[in-house]
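File shown here: my_file.txt, holding compact mmCIF, C-alpha atoms.
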```txt
# COMPACT_ATOMS: atom_id res chain seq x y z
CA MET C 1 144.29 21.95 5.40
CA THR C 2 140.56 21.37 5.88
CA LYS C 3 138.19 24.05 7.16
CA GLN C 4 137.88 22.16 10.45
CA GLU C 5 141.65 22.22 10.92
CA ILE C 6 141.68 25.94 10.17
CA ILE C 7 138.91 26.54 12.71
CA GLU C 8 140.85 24.63 15.38
CA LYS C 9 144.09 26.47 14.64
CA VAL C 10 142.46 29.93 14.62
CA ASN C 11 140.60 29.19 17.84
CA LYS C 12 143.86 28.02 19.41
CA VAL C 13 145.38 31.40 18.55
CA PHE C 14 142.52 33.14 20.37
CA GLU C 15 142.83 30.82 23.35
CA GLU C 16 146.62 31.02 23.69
CA SER C 17 147.49 34.54 22.55
CA PHE C 18 144.36 36.31 23.75
CA GLU C 19 143.35 34.02 26.62
CA ILE C 20 139.74 33.96 25.46
CA GLU C 21 137.71 31.05 26.78
CA LYS C 22 136.85 28.29 24.29
CA ASP C 23 133.09 28.59 24.84
CA ARG C 24 133.13 32.20 23.59
CA LEU C 25 134.74 31.25 20.30
CA LEU C 26 131.60 30.91 18.20
CA PRO C 27 131.81 31.39 14.42
CA GLU C 28 129.35 34.30 14.56
CA ALA C 29 131.24 36.05 17.41
CA ASN C 30 132.23 39.58 16.42
CA ILE C 31 135.90 39.95 17.30
CA PHE C 32 135.40 43.61 18.34
CA LEU C 33 131.99 43.65 19.98
CA ASP C 34 131.82 40.13 21.43
CA LEU C 35 135.47 39.27 22.04
CA GLY C 36 136.63 42.81 22.89
CA LEU C 37 139.59 43.27 20.54
CA ASP C 38 140.43 46.79 19.38
CA SER C 39 141.97 47.98 16.14
CA LEU C 40 145.52 47.70 17.52
CA ASP C 41 144.87 44.14 18.71
CA ILE C 42 144.32 43.21 15.07
CA VAL C 43 148.04 43.70 14.49
CA ASP C 44 148.80 41.21 17.29
CA LEU C 45 146.17 38.86 15.86
CA MET C 46 147.77 38.96 12.43
CA VAL C 47 151.22 38.31 13.91
CA ALA C 48 149.86 35.32 15.84
CA LEU C 49 148.02 33.96 12.77
CA GLN C 50 151.14 34.37 10.62
CA LYS C 51 153.16 32.46 13.19
CA SER C 52 150.58 29.73 13.57
CA PHE C 53 149.93 29.18 9.83
CA GLU C 54 153.50 30.06 8.79
CA VAL C 55 152.30 32.52 6.16
CA ASN C 56 152.80 36.21 5.37
CA LEU C 57 149.53 38.16 5.64
CA ARG C 58 151.08 41.62 5.60
CA ASN C 59 149.80 42.71 2.19
CA GLU C 60 146.34 41.18 2.43
CA GLU C 61 143.83 43.98 1.91
CA SER C 62 140.80 41.83 2.75
CA ILE C 63 141.92 41.70 6.41
CA ARG C 64 140.15 45.06 6.80
CA ASN C 65 136.79 43.39 6.16
CA ILE C 66 137.13 40.85 8.96
CA ARG C 67 134.47 41.19 11.65
CA THR C 68 133.64 37.69 12.90
CA LEU C 69 135.53 34.49 13.58
CA GLU C 70 133.80 32.98 10.54
CA ASP C 71 135.34 35.80 8.45
CA ILE C 72 138.79 34.76 9.69
CA TYR C 73 138.19 31.08 8.87
CA LYS C 74 137.03 32.03 5.36
CA PHE C 75 139.91 34.46 4.93
CA ILE C 76 142.52 31.80 5.81
CA LEU C 77 140.77 29.20 3.65
CA GLU C 78 140.66 31.53 0.63
CA PHE C 79 144.24 32.64 1.23
CA GLN C 80 145.36 29.02 1.33
CA GLU C 81 143.49 28.12 -1.87
CA ARG C 82 144.87 31.17 -3.66
CA LYS C 83 148.43 30.27 -2.68
CA LYS C 84 147.87 26.67 -3.76
CA GLY C 85 146.54 27.90 -7.13
CA GLN C 86 149.61 30.12 -7.56
CA SER C 87 152.04 27.31 -6.85
CA ASN C 88 150.14 24.81 -9.15
CA PRO C 89 149.19 26.83 -12.26
CA MET K 1 126.10 61.82 58.16
CA ASN K 2 123.06 62.55 56.06
CA ILE K 3 122.81 64.57 52.87
CA ALA K 4 121.73 67.75 54.72
CA LEU K 5 124.88 67.74 56.88
CA SER K 6 127.03 66.99 53.85
CA PHE K 7 125.39 69.94 52.14
CA VAL K 8 126.23 72.23 55.09
CA PHE K 9 129.82 70.99 55.10
CA ASN K 10 130.12 71.63 51.37
CA ILE K 11 128.83 75.20 51.73
CA PHE K 12 131.54 75.74 54.32
CA TYR K 13 134.20 73.86 52.39
CA VAL K 14 133.85 75.08 48.81
CA PRO K 15 135.00 78.69 49.45
CA TRP K 16 137.98 77.30 51.38
CA PHE K 17 138.69 74.89 48.52
CA VAL K 18 138.88 77.83 46.10
CA ILE K 19 140.97 80.00 48.45
CA ILE K 20 143.43 77.20 49.30
CA SER K 21 143.70 76.20 45.62
CA LEU K 22 144.57 79.76 44.65
CA VAL K 23 147.10 80.15 47.48
CA LEU K 24 148.75 76.81 46.70
CA ALA K 25 148.71 77.57 42.98
CA PHE K 26 150.53 80.79 43.76
CA PHE K 27 153.24 78.98 45.75
CA VAL K 28 153.59 76.25 43.13
CA THR K 29 153.94 78.89 40.41
CA LEU K 30 156.56 80.67 42.51
CA ALA K 31 158.49 77.43 43.01
CA ILE K 32 158.36 76.68 39.28
CA SER K 33 159.64 80.14 38.39
CA PHE K 34 162.64 79.79 40.74
CA SER K 35 163.28 76.26 39.48
CA TYR K 36 163.21 77.40 35.88
CA ILE K 37 165.74 80.13 36.60
CA SER K 38 168.00 77.89 38.70
CA GLY K 39 167.72 74.55 36.87
CA GLY K 40 166.10 75.02 33.46
CA HIS K 41 162.99 73.61 31.82
CA ARG K 42 163.32 69.94 32.84
CA HIS K 43 163.98 70.82 36.47
CA ALA K 44 161.03 73.23 36.51
CA LEU K 45 158.73 70.53 35.12
CA ARG K 46 159.87 68.11 37.80
CA VAL K 47 159.21 70.67 40.53
CA PHE K 48 155.85 71.46 38.92
CA ARG K 49 154.72 67.82 38.93
CA PHE K 50 155.77 67.30 42.55
CA GLY K 51 154.10 70.64 43.30
CA ILE K 52 150.81 69.40 41.88
CA ALA K 53 151.08 66.27 44.04
CA TRP K 54 151.80 68.43 47.09
CA TYR K 55 148.77 70.59 46.29
CA ALA K 56 146.53 67.51 45.99
CA ARG K 57 147.81 66.00 49.27
CA THR K 58 147.37 69.28 51.09
CA LEU K 59 143.80 69.62 49.88
CA ILE K 60 142.96 66.07 50.95
CA LYS K 61 144.52 66.72 54.37
CA PHE K 62 142.36 69.79 54.70
CA PHE K 63 139.31 67.49 54.62
CA TYR K 64 140.48 65.46 57.64
CA PRO K 65 138.64 63.91 59.54
CA TYR K 66 135.67 64.35 57.19
CA VAL K 67 137.68 62.41 54.59
CA ARG K 68 140.43 60.05 55.72
CA VAL K 69 143.08 58.50 53.49
CA ARG K 70 144.95 55.27 53.96
CA CYS K 71 147.88 54.25 51.72
CA GLU K 72 148.98 50.65 51.58
CA TYR K 73 152.07 49.41 49.77
CA SER K 74 152.66 45.74 49.17
CA GLU K 75 156.40 46.23 48.69
CA LYS K 76 159.05 48.82 49.22
CA SER K 77 159.33 50.78 46.02
CA ASP K 78 162.31 52.10 44.20
CA ALA K 79 161.37 55.72 43.61
CA THR K 80 164.25 56.21 41.16
CA GLU K 81 162.70 53.94 38.55
CA PRO K 82 159.69 55.03 36.48
CA TYR K 83 156.60 52.84 36.48
CA ILE K 84 153.44 52.48 34.50
CA PHE K 85 150.63 52.59 37.04
CA VAL K 86 147.18 51.29 36.17
CA SER K 87 144.31 52.05 38.49
CA ASN K 88 140.60 51.41 38.71
CA HIS K 89 138.60 54.61 38.37
CA ARG K 90 135.44 55.46 40.28
CA SER K 91 135.59 59.16 40.94
CA PHE K 92 137.27 62.45 40.06
CA VAL K 93 138.91 62.18 43.52
CA ASP K 94 141.07 59.28 42.25
CA SER K 95 143.35 61.71 40.43
CA TYR K 96 143.95 63.59 43.71
CA LEU K 97 144.59 60.38 45.57
CA LEU K 98 147.33 59.33 43.18
CA ALA K 99 149.34 62.29 44.46
CA TYR K 100 150.26 59.95 47.32
CA LEU K 101 152.57 58.05 44.99
CA PRO K 102 156.12 59.25 45.68
CA TYR K 103 157.04 59.70 42.02
CA GLU K 104 157.26 62.38 39.43
CA GLY K 105 154.17 61.39 37.53
CA VAL K 106 152.00 62.32 34.62
CA LEU K 107 148.36 61.37 34.36
CA ILE K 108 146.99 60.03 31.12
CA VAL K 109 143.55 61.56 30.80
CA ASN K 110 140.83 62.23 28.27
CA THR K 111 139.59 65.63 27.20
CA TRP K 112 137.29 66.79 30.00
CA PRO K 113 139.89 67.26 32.83
CA PHE K 114 141.63 69.80 30.60
CA ARG K 115 138.44 71.85 30.56
CA ILE K 116 138.38 72.34 34.35
CA PRO K 117 139.19 76.00 35.06
CA VAL K 118 142.73 76.57 36.44
CA LEU K 119 143.34 72.85 37.12
CA GLY K 120 142.98 71.99 33.43
CA TYR K 121 145.46 74.69 32.51
CA TYR K 122 147.97 73.44 35.10
CA ALA K 123 147.49 69.85 33.89
CA LYS K 124 148.35 70.96 30.37
CA LEU K 125 151.42 72.85 31.57
CA ALA K 126 152.57 69.81 33.57
CA GLY K 127 152.54 67.77 30.37
CA TYR K 128 149.58 65.52 31.17
CA LEU K 129 148.69 63.58 28.04
CA ASN K 130 145.27 63.80 26.43
CA ILE K 131 144.91 60.31 25.01
CA ASN K 132 141.80 61.21 23.03
CA LYS K 133 143.47 64.01 21.12
CA MET K 134 146.53 62.13 19.93
CA ALA K 135 147.13 59.62 17.18
CA PRO K 136 148.42 56.34 18.69
CA ASP K 137 151.91 56.85 17.22
CA VAL K 138 152.20 60.36 18.65
CA PHE K 139 150.93 59.22 22.04
CA PHE K 140 153.35 56.27 22.25
CA GLU K 141 156.26 58.49 21.26
CA LYS K 142 155.44 61.12 23.90
CA ALA K 143 154.81 58.49 26.56
CA ARG K 144 158.08 56.71 25.81
CA ARG K 145 159.97 60.00 26.03
CA LEU K 146 158.47 60.69 29.47
CA LEU K 147 159.49 57.24 30.71
CA GLU K 148 163.01 57.83 29.42
CA GLU K 149 163.05 61.03 31.47
CA ASN K 150 162.22 58.94 34.56
CA VAL K 151 158.63 60.15 34.70
CA SER K 152 156.04 57.58 35.79
CA LEU K 153 152.74 57.38 33.94
CA VAL K 154 149.37 56.82 35.57
CA PHE K 155 146.57 55.30 33.52
CA PHE K 156 142.92 54.70 34.24
CA PRO K 157 142.51 51.91 31.68
CA GLU K 158 138.71 51.90 32.00
CA GLY K 159 138.87 55.21 30.13
CA THR K 160 136.15 56.77 32.23
CA ARG K 161 134.83 56.65 35.78
CA SER K 162 132.79 53.55 36.51
CA ILE K 163 129.36 53.85 38.03
CA GLY K 164 129.49 52.37 41.53
CA ARG K 165 131.91 49.54 42.22
CA ALA K 166 131.66 47.58 38.98
CA MET K 167 134.85 47.87 36.98
CA GLY K 168 134.50 48.62 33.26
CA LYS K 169 136.38 46.96 30.43
CA PHE K 170 140.02 47.94 30.08
CA HIS K 171 141.50 49.65 27.04
CA GLY K 172 144.82 48.29 25.81
CA THR K 173 147.00 51.41 25.46
CA ALA K 174 148.75 51.23 28.86
CA PHE K 175 149.58 47.58 28.32
CA ARG K 176 150.78 48.05 24.77
CA LEU K 177 153.04 50.84 26.01
CA ALA K 178 154.35 48.62 28.82
CA LEU K 179 155.21 45.87 26.34
CA GLN K 180 156.97 48.32 24.04
CA SER K 181 158.82 50.28 26.72
CA LYS K 182 159.71 47.25 28.91
CA MET K 183 158.75 49.18 32.04
CA PRO K 184 157.33 47.56 35.17
CA LEU K 185 153.56 47.67 35.50
CA VAL K 186 152.06 48.50 38.87
CA PRO K 187 148.38 47.79 39.57
CA LEU K 188 146.67 50.24 41.93
CA CYS K 189 143.41 49.65 43.74
CA VAL K 190 141.40 52.62 44.93
CA THR K 191 138.32 52.25 47.11
CA GLY K 192 135.97 54.66 48.82
CA THR K 193 136.18 57.48 46.30
CA GLU K 194 132.87 56.42 44.74
CA LYS K 195 131.13 57.25 48.03
CA ILE K 196 132.91 60.56 48.61
CA LEU K 197 132.32 62.04 45.19
CA PRO K 198 130.27 59.71 42.99
CA LYS K 199 130.17 60.22 39.25
CA GLY K 200 127.61 62.90 38.39
CA SER K 201 127.61 64.50 41.84
CA LEU K 202 129.21 67.70 43.12
CA LEU K 203 128.45 67.02 46.78
CA ILE K 204 131.46 65.78 48.77
CA ARG K 205 130.45 63.17 51.33
CA PRO K 206 132.40 61.85 54.33
CA GLY K 207 134.31 58.59 54.16
CA LYS K 208 137.52 56.65 54.14
CA LEU K 209 139.66 56.32 51.03
CA THR K 210 142.16 53.56 50.52
CA ILE K 211 144.83 53.33 47.87
CA ARG K 212 146.64 50.01 47.68
CA ARG K 213 149.73 49.72 45.53
CA LEU K 214 150.32 46.14 44.44
CA ARG K 215 153.62 44.51 43.56
CA ALA K 216 155.39 45.92 40.50
CA ILE K 217 155.29 43.40 37.67
CA PRO K 218 158.58 43.47 35.72
CA TRP K 219 158.55 43.24 31.93
CA GLU K 220 160.20 39.81 32.06
CA GLU K 221 157.03 38.44 33.65
CA TYR K 222 154.63 39.63 30.98
CA LYS K 223 156.75 40.02 27.83
CA ASP K 224 155.29 36.96 26.12
CA LEU K 225 151.69 38.10 26.46
CA THR K 226 149.73 40.10 23.93
CA ALA K 227 148.46 43.51 25.10
CA PHE K 228 144.98 42.02 25.09
CA ALA K 229 145.88 39.12 27.39
CA LEU K 230 147.94 41.40 29.63
CA LYS K 231 145.15 43.95 30.12
CA ASN K 232 142.70 41.21 31.08
CA ARG K 233 145.18 39.66 33.53
CA ILE K 234 145.81 43.01 35.22
CA ARG K 235 142.09 43.73 35.29
CA ARG K 236 141.59 40.38 37.03
CA ILE K 237 144.37 41.14 39.56
CA ILE K 238 142.85 44.55 40.39
CA GLY K 239 139.33 43.10 40.56
CA GLU K 240 140.37 40.32 42.96
CA GLU K 241 142.26 42.76 45.17
CA LEU K 242 139.31 45.18 45.28
CA GLU K 243 137.13 42.26 46.34
CA ARG K 244 139.57 41.46 49.17
CA MET K 245 139.67 45.12 50.23
CA GLU K 246 135.92 45.61 50.26
CA ASN K 247 134.78 42.21 51.44
CA PRO K 248 137.54 40.90 53.73
CA ALA K 249 137.03 37.31 54.82
```

How does this structure look as structure tokens?
Amino acid sequence: MTKQEIIEKVNKVFEESFEIEKDRLLPEANIFLDLGLDSLDIVDLMVALQKSFEVNLRNEESIRNIRTLEDIYKFILEFQERKKGQSNP
Amino acid sequence: MNIALSFVFNIFYVPWFVIISLVLAFFVTLAISFSYISGGHRHALRVFRFGIAWYARTLIKFFYPYVRVRCEYSEKSDATEPYIFVSNHRSFVDSYLLAYLPYEGVLIVNTWPFRIPVLGYYAKLAGYLNINKMAPDVFFEKARRLLEENVSLVFFPEGTRSIGRAMGKFHGTAFRLALQSKMPLVPLCVTGTEKILPKGSLLIRPGKLTIRRLRAIPWEEYKDLTAFALKNRIRRIIGEELERMENPA
């Protein structure tokens, strides 16, 4: 999956599960300060991302460092590359 | 009525407010004591909560015609079922106004109402929940238990009183609880309280208060939403209704 595809999929999660307008979904948008999510919403976000990307993110420690949409795109991209590396040693 | 007249009224009213509060508190305490003896702890709590509502309604009536209250219900309600009420919040008076809901209810508040002399103590005894002092897990557990006991919960999801008419952002706790507990959500719209006792003022001014209870939204209608989406939808519903109430076409 390319970065552009990841961006589109993540943004779709924010549009459909959180009903946030497309024009607010800028890479630099802080998901807490700009988009208004709280710490408990992160659980819902992870559930929605897991469903959308069909992955298990439960044990991913780096989720705690996510602040912006760009952080999420990078997180998914790195997660995907790591999984690919594990399945093709 | 100008500020000077309001000031005169307040000088007259405040001693009566204290006297009536003490007299009513005495009767409520008496009723609770008898209820505890005759029906046990749960029955006493129920009587206590209805007693608080009775006290609040009586005090508001005492203001008439200086302060007038109008209650509007968009549907006939089933008082046997508990609800999760969510209301806009402009003034301390809002908590008194919610006594017009015909339910055994508990307010979800932050720390400062518990610091009010006498009233804060009674709020604590009645089992009002201090959302700021509880871990989320503890709060959800206590709230769920109250709903199971048929006690309705009243939230001010803005978390604090707004300044003027502009509604603040909503917090998600009420909506997360609704999704978990599968209880119907009822939006409430309160207008006029911001003029009678604005935030930061102790001077009660004359005016008309309106509380409008909107249609109960059953869990089946919102179960597929996240708490975030649900809170924003309800905020929009309340905002649009307030607009209709304050600026009728």

Extract, using only C-alpha atoms, all DNA, RNA and protein residues at most 12 Å from Glu70 of chain C, discarding same-chain residues fewer than 5 positions from it, and format them as a ChimeraX atom specification. /C:3-4,6-8,10-11,25-31,65,75-77

Could you list, as an mmCIF file with C-alpha atoms, keeping the file's coordinate frame, the residues of chain C having an atom within 7 Å of chain K when counting only C-alpha atoms?
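Saved the output as selection23.cif:
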```
data_model
loop_
_atom_site.group_PDB
_atom_site.id
_atom_site.type_symbol
_atom_site.label_atom_id
_atom_site.label_comp_id
_atom_site.auth_asym_id
_atom_site.auth_seq_id
_atom_site.Cartn_x
_atom_site.Cartn_y
_atom_site.Cartn_z
ATOM 1 C CA SER C 17 147.490 34.540 22.550
ATOM 2 C CA PHE C 18 144.360 36.310 23.750
ATOM 3 C CA GLU C 19 143.350 34.020 26.620
ATOM 4 C CA ASP C 41 144.870 44.140 18.710
ATOM 5 C CA ASP C 44 148.800 41.210 17.290
#
```

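Going from atom CA of Arg90 of chain K to atom CA of Tyr73 of chain K covers 20.1 Å.
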
Please report the interatomic distance between atom CA of Arg215 of chain K and atom CA of Tyr96 of chain K in Å with one decimal. 21.4 Å

Can you list, as a compact mmCIF listing (two decimals) with C-alpha atoms, in the coordinates of the input, every protein, DNA or RNA residue that comes within 9 Å of Met245 of chain K when you count only C-alpha atoms, leaving out same-chain residues fewer than 4 positions away?
```txt
# COMPACT_ATOMS: atom_id res chain seq x y z
CA CYS K 189 143.41 49.65 43.74
CA THR K 191 138.32 52.25 47.11
CA THR K 210 142.16 53.56 50.52
CA ARG K 212 146.64 50.01 47.68
CA GLU K 240 140.37 40.32 42.96
CA GLU K 241 142.26 42.76 45.17
```

Identify which of the residues C:Ser87, C:Lys74, C:Glu61, C:Leu49 lies closest to Lys12 of chain C, counting only C-alpha atoms when measuring atom-to-atom distances. C:Leu49

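For the pair atom CA of Leu197 of chain K and atom CA of Pro65 of chain K, the separation is 15.8 Å.
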
Using only C-alpha atoms, find all polymer residues with an atom at most 8 Å away from the point (151.6, 27.3, 16.1); report them as a PyMOL selection string. chain C and resi 9+13+51-53

Convert the current residue selection to file output with C-alpha atoms, as a PDB file, in the frame of the given file.
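Once everything was written out, this is part_8.pdb:
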```
ATOM      1  CA  LYS C   9     144.090  26.470  14.640  1.00  0.00           C
ATOM      2  CA  VAL C  13     145.380  31.400  18.550  1.00  0.00           C
ATOM      3  CA  LYS C  51     153.160  32.460  13.190  1.00  0.00           C
ATOM      4  CA  SER C  52     150.580  29.730  13.570  1.00  0.00           C
ATOM      5  CA  PHE C  53     149.930  29.180   9.830  1.00  0.00           C
TER       6      PHE C  53
END
```

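Nearest to Pro187 of chain K of all the residues K:Tyr103, K:Trp112, K:Phe92, K:Phe85 is K:Phe85, counting all atoms listed in the file.
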
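Closest approach to Glu148 of chain K among K:Ala53, K:Met183, K:Leu5, K:Ala216 is made by K:Met183 (distances from only C-alpha atoms).
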
Distance cut-off 12 Å, centre (150.8, 68.5, 32.3) in file coordinates, counting all atoms listed in the file: which residues qualify? Return them as a ChimeraX atom specification. /K:45-53,104-109,113-114,119-130,146,151,153
